[in-house]
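Worksheet: one structure, shown below.
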Amino acid sequence: MLRTRCAVAVARLARFASRLVGRGGTALPGLVALRIDPAVIERLVASLPGGVVVVTGTNGKTTTSKMIATMLTGSGRRVLANRTGSNLARGVAAALVGAARRGRVSADVAVFEIDEAAVRHLGPLLRPRVIVVTNLARDQLDRYGELETTARHVAAAVSASGVAVLAADDPIVARLGQGRGAGSVWFGGEPAIRARMPDDRSLYGHGEPRFDGRLDAVLNETTADGDGQIIRVALDSGEVTVRLQVPGVYNAYNAAAALLAVAQLGLDPVGAATHLAAMPAAFGRGQVVEYRDRRVRVILVKNPAGLNQAIGLLRAEPAACPVLVAINDNVADGRDVSWLWDASVEALAGTPHRFGASGIRAADMALRFKYAGVQAWMETDDRRSLDRVVDDAPPGATVYLIPTYTALLSYLEILLPGKRPEEVWA
Amino acid sequence: MTAPFVVAHLYRRRMNIYGDTGNVTALRRRLEWRGIAIRVVSVDEGDRFDFEEADVVVAGGGEDSSQLAIADDLVARTDAIHRAVGAGVVFLTVCGTYQLFGRRFVTSGGSEIPGIGVFAAETIGGGTRMIGNVVVDSPWGSLVGFENHSGRTRLDTGQVSLGKVRRGFGNDDSSGEEGAVVGNCFGTYLHGSVLPKNPGLADELIRRALYRRTGSDVALAPLDDAVEARAAAAAANRP
């Protein structure tokens, strides 16, 4: 215990020093704490009376975590969460250390979004009371390796968890629930909604079965409403109807997962859902930023499944909007941009929108547009590309910005100068 | 041309790890832009198909588990594919199917997947994965793509490669060779997808297929490949 308290003290000093020299440094205190006390995560987590909720999966981790944390906080729980982008061991350690007082974490419950590769190692340390698996699709193969490997990592974490909240409509997630019986609860969509939520196996045509047993949370309706949507979810304790501030059928799935997760923690989801209505989009996850009198709607994409979801939103957009797709290939984005060819960019041909490509790999995106039969301009400079897409819209109109992760961070500096991602997320 | 140009997409469902569908897209557009009608046929496990009816056969990469899943089906097609290659049908095999068009693939786990021996080559899995952008000097110009494989492919003496590695790992990170070519059958580790960014290779496949049909050289109408060139240049300069 002395070692843990020492780790906490030194890590906080590191955080203080890192802020003095003007670095955000969310990872450094975590690294320092883990170096001094390798068991710092287990020890601090043990002091949380409400335990830990882990959210993992390919897409939707940030939004789903935020939804769960929002409902728990709104219901009077003191919630500890890691910050967006800090979803490895050091990010979790940093969050725990930051909230520790005399070797105990001053929170009732922790909600951690965990990278789907790191979850193998972190699952057994965190012993989650609830683990949510949003979906599993191929993603940045140069970083994560094969999808089957990722599925094994997540399976290891699921077996270290109390209750698993699983996506019934995702064949790979469905496999994770096999043999767990009451240890798994399931969320999914009614058939017409399910058809709008493609999974990796339908994307690539394997046709593997989904989970076809009884669902614990059924998404019965999603209706677009301004920048958000109205959803209806049936749970054992009753039906929830709520207006989300985030668009897209995938975010409706995230909400169904979050509602089912808080129900496992003893909250009444019908009451807790009221807090969802007040939750703004997480940065880059359908968030709208006012910029030069235009409304810039930012949708982060990381993989073909995510890009197809963004394409679905554009197809549902009735107004003719300028759209900028910004593709970077830094390590955090994945070096390989081959995935652009897996997304259904062809579905954008015939929409009324006007397209541009930017980012380090702007030419790859322009090429993808060309072969999809979609006219697009190309501009590699971030600021000039943003100006061009904004100038193309009348004041008050909506502009779509669809960036990969590091492109999102670059555009964030232009759209919201001086703000760090964690401040925007908070 | 009377009948449409036929592209057979072999194992589209299981062997398309990341973007290899783009190769079919590239052939489709480059034919359409020249006024040539195209028909794409999917050939998956168990599907009956006579490869000699195809102008080009395209097959992509897959995870080890997918390679195992299609291995029996591919072996059952050994004679048919050898006959088609002998008859001059054009093949483009990428990564996982390139490996299985060799004699055999021994995975890092030690299990052996039999290949069909079109290429005089063997692949041994294991060691560090070879990941990154790759540039190859080939008879069809410099080729740019993205490789991601742990299998090391050794070509027998006399087996011609697709080209020489200028940057990246290639077949095995030591021989300096990338890919393999037998007649009109091409094998490569290049994803990217390979054909959209390398229109010279895409047109070479089309030209060879049209020669097989007509018995004479067909001059392809030139296309504006400026965006293709920019995309290839961007990839060649990235890690």
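Every chain in the structure tokens takes a letter, A first, then B, and so on in the order presented; its residues are numbered from 1, and the ligands are numbered from 1 following the presented order.
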Task: Within 7 Å of chain B: residues of chain A, using only C-alpha atoms, as a ChimeraX atom specification - done: /A:142,146,204-206,336-342,361,363-364,367,371
Task: Backbone-only DSSP, strand (DSSP E) members of segment 70-173 of chain B, as an NGL selection string - done: :B and (90-94 or 104-106 or 112-114 or 121-124 or 130-138 or 141-149 or 152-155 or 163-167)
Residue selection dump (N, CA and C atoms) as a CSV table (one decimal), in the first residue's frame:
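Saved result, part-v6.csv, follows:
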chain,number,residue,atom,x,y,z
B,90,VAL,N,-5.5,-14.4,-67.5
B,90,VAL,CA,-4.8,-13.5,-66.7
B,90,VAL,C,-5.2,-13.6,-65.2
B,91,PHE,N,-4.3,-13.8,-64.3
B,91,PHE,CA,-4.6,-13.9,-62.9
B,91,PHE,C,-3.8,-12.8,-62.1
B,92,LEU,N,-4.5,-12.2,-61.1
B,92,LEU,CA,-3.8,-11.3,-60.2
B,92,LEU,C,-4.1,-11.9,-58.8
B,93,THR,N,-3.0,-12.4,-58.1
B,93,THR,CA,-3.2,-13.0,-56.8
B,93,THR,C,-2.4,-12.1,-55.8
B,94,VAL,N,-3.1,-11.7,-54.7
B,94,VAL,CA,-2.4,-10.8,-53.7
B,94,VAL,C,-2.3,-11.5,-52.4
B,104,ARG,N,3.4,-24.4,-51.1
B,104,ARG,CA,2.8,-24.6,-49.8
B,104,ARG,C,3.1,-23.4,-48.9
B,105,PHE,N,2.3,-23.3,-47.8
B,105,PHE,CA,2.5,-22.2,-46.9
B,105,PHE,C,2.5,-22.9,-45.5
B,106,VAL,N,3.6,-22.7,-44.8
B,106,VAL,CA,3.8,-23.2,-43.4
B,106,VAL,C,3.5,-22.0,-42.5
B,112,GLU,N,0.6,-26.7,-41.9
B,112,GLU,CA,1.0,-26.6,-43.3
B,112,GLU,C,-0.3,-26.5,-44.2
B,113,ILE,N,-0.4,-25.4,-45.0
B,113,ILE,CA,-1.5,-25.3,-45.9
B,113,ILE,C,-1.0,-25.6,-47.3
B,114,PRO,N,-1.5,-26.6,-48.0
B,114,PRO,CA,-1.0,-27.0,-49.3
B,114,PRO,C,-1.4,-25.9,-50.3
B,121,ALA,N,7.5,-21.7,-55.7
B,121,ALA,CA,7.8,-20.9,-54.5
B,121,ALA,C,7.2,-21.6,-53.3
B,122,GLU,N,7.7,-21.3,-52.1
B,122,GLU,CA,7.2,-21.7,-50.8
B,122,GLU,C,7.2,-20.6,-49.9
B,123,THR,N,6.2,-20.6,-48.9
B,123,THR,CA,6.2,-19.6,-48.0
B,123,THR,C,6.2,-20.1,-46.6
B,124,ILE,N,7.1,-19.6,-45.7
B,124,ILE,CA,7.2,-20.0,-44.3
B,124,ILE,C,6.8,-18.8,-43.5
B,130,MET,N,6.1,-8.0,-41.7
B,130,MET,CA,6.7,-7.1,-42.6
B,130,MET,C,5.6,-6.1,-43.0
B,131,ILE,N,5.6,-4.9,-42.5
B,131,ILE,CA,4.5,-4.0,-42.6
B,131,ILE,C,5.0,-2.6,-43.1
B,132,GLY,N,4.4,-2.1,-44.1
B,132,GLY,CA,4.8,-0.7,-44.6
B,132,GLY,C,4.5,-0.5,-46.0
B,133,ASN,N,4.7,0.7,-46.4
B,133,ASN,CA,4.6,1.1,-47.9
B,133,ASN,C,5.8,0.5,-48.6
B,134,VAL,N,5.6,0.0,-49.8
B,134,VAL,CA,6.7,-0.7,-50.5
B,134,VAL,C,6.7,-0.1,-52.0
B,135,VAL,N,7.9,0.0,-52.5
B,135,VAL,CA,8.1,0.5,-53.9
B,135,VAL,C,8.9,-0.6,-54.6
B,136,VAL,N,8.4,-1.0,-55.8
B,136,VAL,CA,9.0,-2.1,-56.6
B,136,VAL,C,9.3,-1.6,-58.0
B,137,ASP,N,10.5,-1.9,-58.5
B,137,ASP,CA,10.8,-1.6,-59.9
B,137,ASP,C,10.5,-2.8,-60.7
B,138,SER,N,9.5,-2.6,-61.6
B,138,SER,CA,9.0,-3.8,-62.4
B,138,SER,C,9.1,-3.4,-63.9
B,141,GLY,N,6.9,-0.4,-64.9
B,141,GLY,CA,7.1,0.8,-64.2
B,141,GLY,C,7.2,0.5,-62.7
B,142,SER,N,7.4,1.6,-61.9
B,142,SER,CA,7.6,1.5,-60.5
B,142,SER,C,6.2,1.2,-59.9
B,143,LEU,N,6.1,0.2,-59.0
B,143,LEU,CA,4.8,-0.2,-58.4
B,143,LEU,C,4.9,0.2,-56.9
B,144,VAL,N,3.8,0.8,-56.5
B,144,VAL,CA,3.7,1.2,-55.1
B,144,VAL,C,2.5,0.5,-54.4
B,145,GLY,N,2.7,0.1,-53.2
B,145,GLY,CA,1.7,-0.6,-52.4
B,145,GLY,C,1.9,-0.6,-50.9
B,146,PHE,N,1.1,-1.4,-50.2
B,146,PHE,CA,1.3,-1.5,-48.8
B,146,PHE,C,1.3,-3.0,-48.5
B,147,GLU,N,2.4,-3.4,-47.8
B,147,GLU,CA,2.5,-4.9,-47.5
B,147,GLU,C,2.3,-5.1,-46.0
B,148,ASN,N,1.8,-6.3,-45.7
B,148,ASN,CA,1.5,-6.6,-44.3
B,148,ASN,C,1.4,-8.1,-44.2
B,149,HIS,N,2.6,-8.8,-44.0
B,149,HIS,CA,2.6,-10.2,-44.0
B,149,HIS,C,3.7,-10.7,-43.1
B,152,ARG,N,7.3,-15.5,-45.3
B,152,ARG,CA,8.4,-15.2,-46.2
B,152,ARG,C,8.4,-16.2,-47.4
B,153,THR,N,8.3,-15.6,-48.6
B,153,THR,CA,8.2,-16.4,-49.8
B,153,THR,C,9.5,-16.5,-50.5
B,154,ARG,N,9.9,-17.7,-50.7
B,154,ARG,CA,11.2,-18.0,-51.4
B,154,ARG,C,10.9,-18.5,-52.8
B,155,LEU,N,11.4,-17.8,-53.8
B,155,LEU,CA,11.2,-18.3,-55.1
B,155,LEU,C,12.3,-19.3,-55.5
B,163,GLY,N,9.2,-8.0,-59.6
B,163,GLY,CA,10.1,-6.9,-59.7
B,163,GLY,C,11.1,-6.9,-58.5
B,164,LYS,N,11.9,-5.8,-58.5
B,164,LYS,CA,13.0,-5.7,-57.5
B,164,LYS,C,12.5,-4.7,-56.4
B,165,VAL,N,12.7,-5.0,-55.2
B,165,VAL,CA,12.3,-4.1,-54.1
B,165,VAL,C,13.2,-2.9,-54.0
B,166,ARG,N,12.6,-1.7,-54.2
B,166,ARG,CA,13.4,-0.5,-54.0
B,166,ARG,C,13.3,0.0,-52.6
B,167,ARG,N,12.1,-0.2,-52.0
B,167,ARG,CA,11.9,0.2,-50.6
B,167,ARG,C,10.9,-0.8,-50.0
Open item on the list: Could you check the closest approach to Ala80 of chain B for each of B:Trp33, B:Phe186, B:Phe101, B:Phe49 and tell me which residue wins, using only C-alpha atoms?
Closed with: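 Nearest candidate to Ala80 of chain B out of B:Trp33, B:Phe186, B:Phe101, B:Phe49: B:Phe49.
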Task: Contacts of Ala84 of chain B within 6 Å, only C-alpha atoms, excl. fewer than 3 positions in-chain, as a PyMOL selection string - done: chain B and resi 51-52+81+87+89
Store the residues of this selection in a file with all heavy atoms, as an mmCIF file, in the first residue's frame.
data_model
loop_
_atom_site.group_PDB
_atom_site.id
_atom_site.type_symbol
_atom_site.label_atom_id
_atom_site.label_comp_id
_atom_site.auth_asym_id
_atom_site.auth_seq_id
_atom_site.Cartn_x
_atom_site.Cartn_y
_atom_site.Cartn_z
ATOM 1 N N PHE B 51 -12.533 -21.398 -65.243
ATOM 2 C CA PHE B 51 -11.664 -20.222 -65.260
ATOM 3 C C PHE B 51 -11.308 -19.779 -66.679
ATOM 4 O O PHE B 51 -10.937 -18.638 -66.901
ATOM 5 C CB PHE B 51 -10.394 -20.472 -64.435
ATOM 6 C CG PHE B 51 -10.669 -20.521 -62.962
ATOM 7 C CD1 PHE B 51 -10.822 -21.733 -62.305
ATOM 8 C CD2 PHE B 51 -10.820 -19.349 -62.231
ATOM 9 C CE1 PHE B 51 -11.102 -21.783 -60.953
ATOM 10 C CE2 PHE B 51 -11.103 -19.385 -60.879
ATOM 11 C CZ PHE B 51 -11.247 -20.605 -60.240
ATOM 12 N N GLU B 52 -11.412 -20.689 -67.633
ATOM 13 C CA GLU B 52 -11.082 -20.288 -69.003
ATOM 14 C C GLU B 52 -12.139 -19.364 -69.601
ATOM 15 O O GLU B 52 -11.939 -18.774 -70.655
ATOM 16 C CB GLU B 52 -10.860 -21.531 -69.870
ATOM 17 C CG GLU B 52 -9.565 -22.236 -69.457
ATOM 18 C CD GLU B 52 -9.264 -23.480 -70.274
ATOM 19 O OE1 GLU B 52 -9.180 -23.353 -71.505
ATOM 20 O OE2 GLU B 52 -9.126 -24.565 -69.681
ATOM 21 N N ILE B 81 -7.136 -24.522 -62.550
ATOM 22 C CA ILE B 81 -6.375 -23.270 -62.563
ATOM 23 C C ILE B 81 -5.097 -23.424 -63.399
ATOM 24 O O ILE B 81 -4.740 -22.541 -64.181
ATOM 25 C CB ILE B 81 -6.082 -22.794 -61.125
ATOM 26 C CG1 ILE B 81 -7.391 -22.332 -60.458
ATOM 27 C CG2 ILE B 81 -5.048 -21.659 -61.121
ATOM 28 C CD1 ILE B 81 -7.275 -21.958 -58.992
ATOM 29 N N ALA B 87 -3.584 -21.695 -70.588
ATOM 30 C CA ALA B 87 -4.337 -21.153 -71.730
ATOM 31 C C ALA B 87 -4.217 -19.636 -71.818
ATOM 32 O O ALA B 87 -4.834 -19.015 -72.681
ATOM 33 C CB ALA B 87 -5.809 -21.551 -71.607
ATOM 34 N N VAL B 89 -5.082 -17.321 -69.450
ATOM 35 C CA VAL B 89 -5.986 -16.482 -68.656
ATOM 36 C C VAL B 89 -5.138 -15.642 -67.701
ATOM 37 O O VAL B 89 -4.147 -16.123 -67.140
ATOM 38 C CB VAL B 89 -6.985 -17.352 -67.856
ATOM 39 C CG1 VAL B 89 -7.858 -16.493 -66.958
ATOM 40 C CG2 VAL B 89 -7.821 -18.189 -68.809
#
- [ ] Could you check how far atom CA of Asp115 of chain A sits from atom CA of Ser159 of chain A, in Å to one decimal?
- [x]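 It comes out at 16.7 Å.
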Open item on the list: Please compute the atom CA of Gln245 of chain A-atom CA of Asp227 of chain A distance, one decimal, in Å.
Closed with: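 About the pair atom CA of Gln245 of chain A and atom CA of Asp227 of chain A: they are 6.4 Å apart.
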- [ ] Just give me the gap between atom CA of Glu190 of chain A and atom CA of Ile172 of chain A in Å, one decimal is fine.
- [x] 18.7 Å
Sorted by chain and rising residue number, which residues of segment 204-322 of chain A lie within 12 Å of segment 45-63 of chain A, and what are their closest atom pairs and distances in Å to one decimal, counting only C-alpha atoms, as a Markdown table?
| residue | atom | partner | partner_atom | distance |
| --- | --- | --- | --- | --- |
| A:Leu244 | CA | A:Thr63 | CA | 11.4 |
| A:Gln245 | CA | A:Thr63 | CA | 11.2 |
| A:Val246 | CA | A:Thr63 | CA | 9.1 |
| A:Pro247 | CA | A:Thr63 | CA | 11.4 |
| A:Gly248 | CA | A:Gly60 | CA | 11.3 |
| A:Val249 | CA | A:Gly60 | CA | 11.3 |
| A:Tyr250 | CA | A:Gly60 | CA | 7.6 |
| A:Asn251 | CA | A:Gly60 | CA | 7.3 |
| A:Ala252 | CA | A:Gly60 | CA | 10.3 |
| A:Tyr253 | CA | A:Gly60 | CA | 8.9 |
| A:Asn254 | CA | A:Gly60 | CA | 6.4 |
| A:Ala255 | CA | A:Thr63 | CA | 8.5 |
| A:Ala256 | CA | A:Thr63 | CA | 11.7 |
| A:Ala257 | CA | A:Val55 | CA | 9.7 |
| A:Ala258 | CA | A:Thr63 | CA | 9.3 |
| A:Ala261 | CA | A:Val53 | CA | 8.3 |
| A:Val262 | CA | A:Val53 | CA | 9.3 |
| A:Gln264 | CA | A:Val53 | CA | 10.0 |
| A:Leu265 | CA | A:Gly50 | CA | 8.0 |
| A:Gly266 | CA | A:Gly50 | CA | 10.1 |
| A:Leu267 | CA | A:Gly50 | CA | 11.9 |
| A:Leu276 | CA | A:Thr63 | CA | 11.0 |
| A:Met279 | CA | A:Thr63 | CA | 9.9 |
| A:Pro280 | CA | A:Thr63 | CA | 9.8 |
| A:Ala281 | CA | A:Thr63 | CA | 7.4 |
| A:Ala282 | CA | A:Thr63 | CA | 6.1 |
| A:Phe283 | CA | A:Thr63 | CA | 9.2 |
| A:Gly284 | CA | A:Thr63 | CA | 10.0 |
| A:Arg285 | CA | A:Thr63 | CA | 7.2 |
| A:Gly286 | CA | A:Thr63 | CA | 9.8 |
| A:Gln287 | CA | A:Thr63 | CA | 10.9 |
| A:Ile299 | CA | A:Gly60 | CA | 11.7 |
| A:Leu300 | CA | A:Asn59 | CA | 10.0 |
| A:Val301 | CA | A:Asn59 | CA | 8.9 |
| A:Lys302 | CA | A:Asn59 | CA | 8.2 |
| A:Asn303 | CA | A:Asn59 | CA | 8.6 |
| A:Pro304 | CA | A:Asn59 | CA | 10.5 |
| A:Ala305 | CA | A:Asn59 | CA | 8.1 |
| A:Gly306 | CA | A:Asn59 | CA | 6.9 |
| A:Leu307 | CA | A:Asn59 | CA | 10.6 |
| A:Asn308 | CA | A:Asn59 | CA | 11.8 |
| A:Gln309 | CA | A:Asn59 | CA | 10.2 |
- [ ] For segment 412-418 of chain A, please output as a PyMOL selection string all residues within 12 Å (counting only C-alpha atoms; exclusion window: fewer than 6 positions along the same chain).
- [x] chain A and resi 22+24+283-284+287-298+300+381-387+390+401+403-406+424-425
Open item on the list: Which residues are close to Arg77 of chain A, i.e. within 8 Å by only C-alpha atoms, leaving aside same-chain residues fewer than 6 positions away? Reply as a PyMOL selection string.
Closed with: chain A and resi 107-109
Expected file contents, prior selection, N, CA, C and O atoms, as an mmCIF file, in the first residue's frame:
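Result file part-v9.cif:
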data_model
loop_
_atom_site.group_PDB
_atom_site.id
_atom_site.type_symbol
_atom_site.label_atom_id
_atom_site.label_comp_id
_atom_site.auth_asym_id
_atom_site.auth_seq_id
_atom_site.Cartn_x
_atom_site.Cartn_y
_atom_site.Cartn_z
ATOM 1 N N ALA A 107 -14.161 7.984 -5.864
ATOM 2 C CA ALA A 107 -15.261 7.866 -6.828
ATOM 3 C C ALA A 107 -16.043 6.624 -6.443
ATOM 4 O O ALA A 107 -15.537 5.760 -5.715
ATOM 5 N N ASP A 108 -17.279 6.543 -6.913
ATOM 6 C CA ASP A 108 -18.089 5.360 -6.624
ATOM 7 C C ASP A 108 -17.846 4.263 -7.648
ATOM 8 O O ASP A 108 -17.867 3.078 -7.340
ATOM 9 N N VAL A 109 -17.645 4.687 -8.881
ATOM 10 C CA VAL A 109 -17.574 3.723 -9.981
ATOM 11 C C VAL A 109 -16.685 4.324 -11.068
ATOM 12 O O VAL A 109 -16.601 5.550 -11.209
#
Open item on the list: Restricting the calculation to only C-alpha atoms: of B:Ser174, B:Ser111, B:Thr2, B:Thr188, which residue gets closest to Ser161 of chain B?
Closed with: B:Thr188
Task: Nearest-residue call for Leu96 of chain A, choices A:Thr70, A:Thr4, A:Thr380, A:Asn330, using only C-alpha atoms - done: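 Closest residue, counting only C-alpha atoms: A:Thr4.
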- [ ] Please identify which residues in segment 85-285 of chain A DSSP calls helix (DSSP H, G or I) from the backbone, and express them as a PyMOL selection string.
- [x] chain A and resi 89-98+119-126+141-144+147-159+171-176+181-183+191-194+200-203+249-264+269-277
Can you pull out every residue within 8 Å of Asp169 of chain A, counting only C-alpha atoms, but drop anything in the same chain fewer than 6 positions away, and send it as a CSV table (one decimal) with all heavy atoms, in the first residue's frame?
chain,number,residue,atom,x,y,z
A,188,GLY,N,-29.7,-5.2,-29.3
A,188,GLY,CA,-29.8,-5.3,-30.8
A,188,GLY,C,-30.9,-4.5,-31.3
A,188,GLY,O,-31.6,-3.9,-30.6
A,189,GLY,N,-31.0,-4.5,-32.7
A,189,GLY,CA,-32.1,-3.7,-33.3
A,189,GLY,C,-33.2,-4.6,-33.9
A,189,GLY,O,-32.9,-5.8,-34.1
A,194,ARG,N,-31.7,-3.2,-37.9
A,194,ARG,CA,-30.5,-4.1,-38.0
A,194,ARG,C,-30.0,-4.0,-39.5
A,194,ARG,O,-28.7,-4.0,-39.7
A,194,ARG,CB,-30.9,-5.5,-37.7
A,194,ARG,CG,-29.8,-6.5,-37.4
A,194,ARG,CD,-30.3,-7.9,-37.4
A,194,ARG,NE,-31.5,-8.0,-36.5
A,194,ARG,CZ,-32.4,-9.0,-36.6
A,194,ARG,NH1,-32.4,-9.8,-37.6
A,194,ARG,NH2,-33.4,-9.0,-35.8
A,199,ASP,N,-22.4,-5.1,-40.2
A,199,ASP,CA,-21.3,-5.6,-39.4
A,199,ASP,C,-20.2,-6.1,-40.4
A,199,ASP,O,-20.3,-6.1,-41.6
A,199,ASP,CB,-21.8,-6.7,-38.6
A,199,ASP,CG,-22.4,-7.8,-39.4
A,199,ASP,OD1,-21.6,-8.7,-39.9
A,199,ASP,OD2,-23.6,-7.9,-39.5
A,210,ARG,N,-25.9,-14.1,-36.4
A,210,ARG,CA,-25.9,-13.2,-35.3
A,210,ARG,C,-26.5,-14.0,-34.1
A,210,ARG,O,-26.8,-15.2,-34.2
A,210,ARG,CB,-26.8,-12.0,-35.6
A,210,ARG,CG,-28.2,-12.4,-36.0
A,210,ARG,CD,-29.0,-11.3,-36.4
A,210,ARG,NE,-29.4,-10.4,-35.3
A,210,ARG,CZ,-30.4,-10.7,-34.5
A,210,ARG,NH1,-31.2,-11.7,-34.6
A,210,ARG,NH2,-30.7,-9.8,-33.5
A,211,PHE,N,-26.5,-13.4,-32.9
A,211,PHE,CA,-27.2,-14.0,-31.8
A,211,PHE,C,-28.7,-13.9,-32.0
A,211,PHE,O,-29.2,-12.9,-32.2
A,211,PHE,CB,-26.8,-13.3,-30.5
A,211,PHE,CG,-27.5,-13.7,-29.3
A,211,PHE,CD1,-27.2,-14.9,-28.6
A,211,PHE,CD2,-28.5,-12.9,-28.7
A,211,PHE,CE1,-27.9,-15.3,-27.5
A,211,PHE,CE2,-29.2,-13.3,-27.6
A,211,PHE,CZ,-28.9,-14.5,-27.0
TODO: Do a neighbour search on Val160 of chain B at 8 Å with only C-alpha atoms, toss out local chain neighbours closer than 5 positions, and write the hits as a ChimeraX atom specification.
DONE: /B:155,180-182
Any chance you can output those residues with all heavy atoms as a PDB file, in the first residue's frame?
ATOM      1  N   LEU B 155      11.426 -17.833 -53.766  1.00  0.00           N
ATOM      2  CA  LEU B 155      11.240 -18.286 -55.140  1.00  0.00           C
ATOM      3  C   LEU B 155      12.321 -19.302 -55.483  1.00  0.00           C
ATOM      4  O   LEU B 155      13.490 -19.127 -55.112  1.00  0.00           O
ATOM      5  CB  LEU B 155      11.328 -17.100 -56.115  1.00  0.00           C
ATOM      6  CG  LEU B 155      10.424 -15.898 -55.834  1.00  0.00           C
ATOM      7  CD1 LEU B 155      10.606 -14.843 -56.936  1.00  0.00           C
ATOM      8  CD2 LEU B 155       8.966 -16.314 -55.736  1.00  0.00           C
ATOM      9  N   ALA B 180       5.781 -12.716 -57.987  1.00  0.00           N
ATOM     10  CA  ALA B 180       6.183 -13.750 -58.938  1.00  0.00           C
ATOM     11  C   ALA B 180       5.288 -13.656 -60.168  1.00  0.00           C
ATOM     12  O   ALA B 180       4.148 -13.186 -60.074  1.00  0.00           O
ATOM     13  CB  ALA B 180       6.058 -15.141 -58.302  1.00  0.00           C
ATOM     14  N   VAL B 181       5.828 -14.085 -61.308  1.00  0.00           N
ATOM     15  CA  VAL B 181       5.044 -14.079 -62.553  1.00  0.00           C
ATOM     16  C   VAL B 181       5.293 -15.389 -63.294  1.00  0.00           C
ATOM     17  O   VAL B 181       6.442 -15.793 -63.486  1.00  0.00           O
ATOM     18  CB  VAL B 181       5.444 -12.900 -63.481  1.00  0.00           C
ATOM     19  CG1 VAL B 181       4.556 -12.887 -64.730  1.00  0.00           C
ATOM     20  CG2 VAL B 181       5.343 -11.565 -62.762  1.00  0.00           C
ATOM     21  N   VAL B 182       4.208 -16.079 -63.673  1.00  0.00           N
ATOM     22  CA  VAL B 182       4.282 -17.253 -64.546  1.00  0.00           C
ATOM     23  C   VAL B 182       3.291 -17.029 -65.678  1.00  0.00           C
ATOM     24  O   VAL B 182       2.083 -16.984 -65.431  1.00  0.00           O
ATOM     25  CB  VAL B 182       3.937 -18.547 -63.777  1.00  0.00           C
ATOM     26  CG1 VAL B 182       3.717 -19.698 -64.758  1.00  0.00           C
ATOM     27  CG2 VAL B 182       5.034 -18.911 -62.783  1.00  0.00           C
TER      28      VAL B 182
END
